[in-house]
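A quick write-up on the structure given underneath.
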Amino acid sequence: MTVAEEPLHRALGLTDDELAMATAVLGREPNHLELALYAVMWSEHCSYKSSRLHLRRLPTEGSRVLVGPGENAGVVDAGDGVAVAIRIESHNHPSAIEPHQGAATGVGGILRDVFTMGARPLAVMDPLFFGPLDAARQRWLVEGVVAGISAYGNSVGVPTVGGELTFDPCYAGNPLVNVLCLGALPVGRLVLGRASGPGNLAVLLGSTTGRDGIGGVSVLASAGFGGEGAGTDDAKRPSVQVGDPFEEKRLIEACLALLDAGLVVGIQDLGGAGLACATSETAARGGVGMDVDVSAVPCREPHMAPWEVMTSESQERMLAIVTPGDWPAVAELCARWEVRATVIGTVTEPVPGDGGAVGRLRILDGPGGQVLADVPAASLADDAPLYDRPRAEPADRTARLADDPTADEPAGDCAADLGALLVDPSWVYRQYDHQLFLNTVVGPGADAALLRLAGPGLPPSERGLAVTTDSSPRWCAIDPRAGTALVLAEAVANLACVGASPVAVVNCLNFGNPEHPEVMWQLSEVVDGLAGACRDLGLPVVGGNVSLYNESAGADIDPTPVVGVLGLVDALRARPPGMGLVAGATVALLGERAAPGDQPHPLAGTRWAVERRDRRSGRLPALDPAAHGRLVALVAALVSETVAGGPGLLASVHDVSGGGIGVALAEMAIAGGIGARVRGIAGHRELFTELPSRFVVATHDPEALVARAEASGVAVSLLGMAAGDRLVVEDAEGTALVDVPLAELTASWRDALPGRLDDVADAAG
């Protein structure tokens, strides 16, 4: 059968079984428009049909949770009458095809997820994953994605305060662009995305509707890429949305003003699946129906077919439910903000059906005109197929676990390895404005971002918000379950470095093709690892996203769960100590020096093993949740003493993560412009191991630090002194493992990323 002869439902992304399901729901064959509705709403992106079964195992309840998974964003109570909305999403496939617009509209979409809850967006973070910078295409992707995030975030006026930057061969054909946003709102302004009140009006706010982004969730998010260079496939380019940050800025202000005035019954953003999603989801959540006049939708292109109008993912659009009596005030307020507002539909009573009343979504070609589509709203929004796809461990899993790089003899010298592991990401974040709103206390480049909890319309508060995003595909490729638990532990440790206590988690789970049993095994293991660690650490998951079909030429990416963790600071009156070493301070390690058993300093999954020795095997160290909880509580308490305005015991603090103690010491020396001399490090294994639950700190009162640690049941080791202009790391016998001028380390760190980009440009030029 040729492509031209392919059945319509398959061309739209529905399987034969899914067509049969839709036919059974309707009691007849669906027409073209109805097929298009089911295709986008039953896509992986909208329905989570391959992952819902597993996501149910995540803990979602907590004392601060106001809104959990299922709405546009999670919302938690921050105290003082303020709530915080947080959401993380992916825009991977669009960014692979058109990096600038793909990344830009990823920012736009996540902003709408947050302000649709009634929250003013306060900050964005962007975890990014690319292939090695040894090819011109990777440079094109990196520069395009960074420029897209910068152009949209800076223009719309929301600071980008952090993120991650990862390079690995598995992302060469399929980069990942994840975006997190958090916002704040008075608790009383919280609104949900649901329709209610038959006779109320469905009002489309914002931009006109075009053909950009049609079928994005089914064309892009539910299929991998083909052969080499398929990421630039021109045939898929029209499925990438085009953003307008200035329209988004007006839309934010208009929507928040509508909510403050009490003119909105419910509101929903138009993201994946466009009007099809917004109308069916708001109706289904409210248990009502909706009549939509497709001819009333303002279009920017002529002769758009009804299925194009309903599935277009054109950006900067919202759907508001308003009463007829409030419509004149809504229209006037929107005109004041130069935001287009158009009545496109009406909320309707549910009608009798099998099993009770059914809210129906009807698409009309004019007021009282021909019915073009008539489907149960819940069948689109809630009743998508649910697949328990086959799962299987990788065939080589046992052999890979046994092949441990810890047993390898060191090759080369530690100083060279350390220098090669240092990367300054500031080339990226200097293109972002991270001081918009003037709330940013700690911005990009630190362990976590820290912001004042302040903004227009918010009650006064001394509290602070901390947020971090973390991942480690190195760990998760070896052991998805244990690796994910370690990722969450690292995120919680990052928050402790700015004095914050964690309160909620969001996740963006990035995987390959779910039709591959190994990928589904990875997904299931990641969910169990995250669920277990969240329960152990007492954290609810308030929202998330699953991105599947991240494959190129049949090769799946490594499992890449990204966690975003929100933390609170009770009293934010001063900056935290930071990671920079201070001359004359004692350098100490909080946490255990060694793991129990016959491998005290394991190297499996470390940056040293993967990046310097290309060893992607072994057994990860175990996380002790109780010990980790004691340690992060101690560090958060020590830092919060400074943040609250007191003198504090710590002069500097940095968690030990990628690159181990070696990289932590080097980054602290570079940040402070002060060298250090430490002694007693047990060779390259202790220098580069990534054992969890450890912090390097500096203090001017080591006796008091030791006493506080011992009282908290936390191990502490005094390593040396911060002084001079060299980083010297010695073993127990005094033999130097590293002895490098600080200027040389700083140059290696500063020049790593720009140097790689320049090398690619020179090779291409």
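We name chains A, B, ... following the order of the structure tokens; residues begin at 1 in each chain, and ligands are numbered from 1 as shown.
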
Shell around Val142 of chain A at 8 Å using only C-alpha atoms, local window under 4 positions removed, as a ChimeraX atom specification: /A:99,130,138,146

Write out as a PyMOL selection string which residues come within 6 Å of Thr348 of chain A when counting only C-alpha atoms, dropping same-chain ones fewer than 6 positions away. chain A and resi 198+289-290

Any chance you can output those residues with all heavy atoms as a PDB file, in the first residue's frame?
ATOM      1  N   PRO A 198     -24.380  25.641  32.385  1.00  0.00           N
ATOM      2  CA  PRO A 198     -24.965  25.642  31.034  1.00  0.00           C
ATOM      3  C   PRO A 198     -25.499  27.024  30.672  1.00  0.00           C
ATOM      4  O   PRO A 198     -26.159  27.682  31.477  1.00  0.00           O
ATOM      5  CB  PRO A 198     -26.081  24.601  31.142  1.00  0.00           C
ATOM      6  CG  PRO A 198     -25.596  23.654  32.195  1.00  0.00           C
ATOM      7  CD  PRO A 198     -24.895  24.522  33.205  1.00  0.00           C
ATOM      8  N   GLY A 289     -21.402  19.687  28.686  1.00  0.00           N
ATOM      9  CA  GLY A 289     -21.098  19.647  27.267  1.00  0.00           C
ATOM     10  C   GLY A 289     -20.707  21.026  26.761  1.00  0.00           C
ATOM     11  O   GLY A 289     -20.702  22.007  27.516  1.00  0.00           O
ATOM     12  N   MET A 290     -20.389  21.095  25.469  1.00  0.00           N
ATOM     13  CA  MET A 290     -20.033  22.382  24.883  1.00  0.00           C
ATOM     14  C   MET A 290     -20.318  22.354  23.392  1.00  0.00           C
ATOM     15  O   MET A 290     -19.963  21.393  22.701  1.00  0.00           O
ATOM     16  CB  MET A 290     -18.557  22.708  25.132  1.00  0.00           C
ATOM     17  CG  MET A 290     -18.158  24.132  24.748  1.00  0.00           C
ATOM     18  SD  MET A 290     -16.426  24.513  25.167  1.00  0.00           S
ATOM     19  CE  MET A 290     -16.471  24.424  26.951  1.00  0.00           C
TER      20      MET A 290
END

Segment 324-326 of chain A: which residues within 9 Å, counting only C-alpha atoms, same-chain residues fewer than 4 positions away excluded, as JSON, numbers by chain? {"A": [199, 200, 201, 263, 264, 330, 331]}

Residues within 8 Å of segment 310-320 of chain A, only C-alpha atoms, excluding chain neighbours under 6 positions, as a PyMOL selection string: chain A and resi 36-37+40+105+108-109+112+202-216+241-244+247-248+251+264-276+278-279+294

All residues 9 Å or closer to Arg593 of chain A, only C-alpha atoms, same chain fewer than 4 positions away omitted, as a PDB file with N, CA, C and O atoms, in the first residue's frame:
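The new file out-v7.pdb reads:
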ATOM      1  N   LEU A 589      34.189  18.038  54.895  1.00  0.00           N
ATOM      2  CA  LEU A 589      33.202  17.228  54.194  1.00  0.00           C
ATOM      3  C   LEU A 589      32.140  16.804  55.189  1.00  0.00           C
ATOM      4  O   LEU A 589      32.455  16.197  56.224  1.00  0.00           O
ATOM      5  N   PRO A 600      34.537   0.951  48.745  1.00  0.00           N
ATOM      6  CA  PRO A 600      34.254   2.176  49.512  1.00  0.00           C
ATOM      7  C   PRO A 600      34.079   3.417  48.644  1.00  0.00           C
ATOM      8  O   PRO A 600      33.415   4.360  49.057  1.00  0.00           O
ATOM      9  N   HIS A 601      34.668   3.404  47.436  1.00  0.00           N
ATOM     10  CA  HIS A 601      34.580   4.576  46.559  1.00  0.00           C
ATOM     11  C   HIS A 601      34.204   4.132  45.140  1.00  0.00           C
ATOM     12  O   HIS A 601      35.033   4.135  44.231  1.00  0.00           O
ATOM     13  N   GLU A 686      38.410   8.045  45.400  1.00  0.00           N
ATOM     14  CA  GLU A 686      37.706   8.959  46.298  1.00  0.00           C
ATOM     15  C   GLU A 686      37.581  10.346  45.678  1.00  0.00           C
ATOM     16  O   GLU A 686      36.607  11.063  45.927  1.00  0.00           O
ATOM     17  N   LEU A 691      29.434   9.277  45.437  1.00  0.00           N
ATOM     18  CA  LEU A 691      28.615   8.800  46.545  1.00  0.00           C
ATOM     19  C   LEU A 691      27.571   9.858  46.890  1.00  0.00           C
ATOM     20  O   LEU A 691      27.879  11.056  46.921  1.00  0.00           O
ATOM     21  N   ARG A 694      26.574  14.041  50.426  1.00  0.00           N
ATOM     22  CA  ARG A 694      27.829  14.660  50.859  1.00  0.00           C
ATOM     23  C   ARG A 694      27.851  16.124  50.428  1.00  0.00           C
ATOM     24  O   ARG A 694      27.356  16.477  49.359  1.00  0.00           O
ATOM     25  N   ALA A 715      28.191  12.455  59.790  1.00  0.00           N
ATOM     26  CA  ALA A 715      29.648  12.321  59.748  1.00  0.00           C
ATOM     27  C   ALA A 715      30.277  13.612  59.235  1.00  0.00           C
ATOM     28  O   ALA A 715      29.727  14.288  58.363  1.00  0.00           O
ATOM     29  N   VAL A 716      31.462  13.959  59.767  1.00  0.00           N
ATOM     30  CA  VAL A 716      32.167  15.153  59.331  1.00  0.00           C
ATOM     31  C   VAL A 716      33.660  14.845  59.291  1.00  0.00           C
ATOM     32  O   VAL A 716      34.189  14.158  60.160  1.00  0.00           O
ATOM     33  N   SER A 717      34.331  15.349  58.257  1.00  0.00           N
ATOM     34  CA  SER A 717      35.775  15.167  58.101  1.00  0.00           C
ATOM     35  C   SER A 717      36.392  16.516  57.759  1.00  0.00           C
ATOM     36  O   SER A 717      35.935  17.196  56.838  1.00  0.00           O
TER      37      SER A 717
END

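In this model, the gap between atom CA of Asp17 of chain A and atom CA of Tyr549 of chain A comes to 19.9 Å.
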
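Distances here use only C-alpha atoms; by that measure, the residue among A:Glu515, A:Cys508, A:Tyr432, A:Val467 closest to Val84 of chain A is A:Val467.
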
When you look at segment 738-749 of chain A with a cut-off of 6 Å (counting only C-alpha atoms), what residues show up, excluding the ones that are within fewer than 6 positions of it in the same chain? I need them as a list in words. Ala415, Gly419, Leu422, Val423, Asp424, Ile670, Asp725, Arg726, Leu727, Val728 and Val729 of chain A
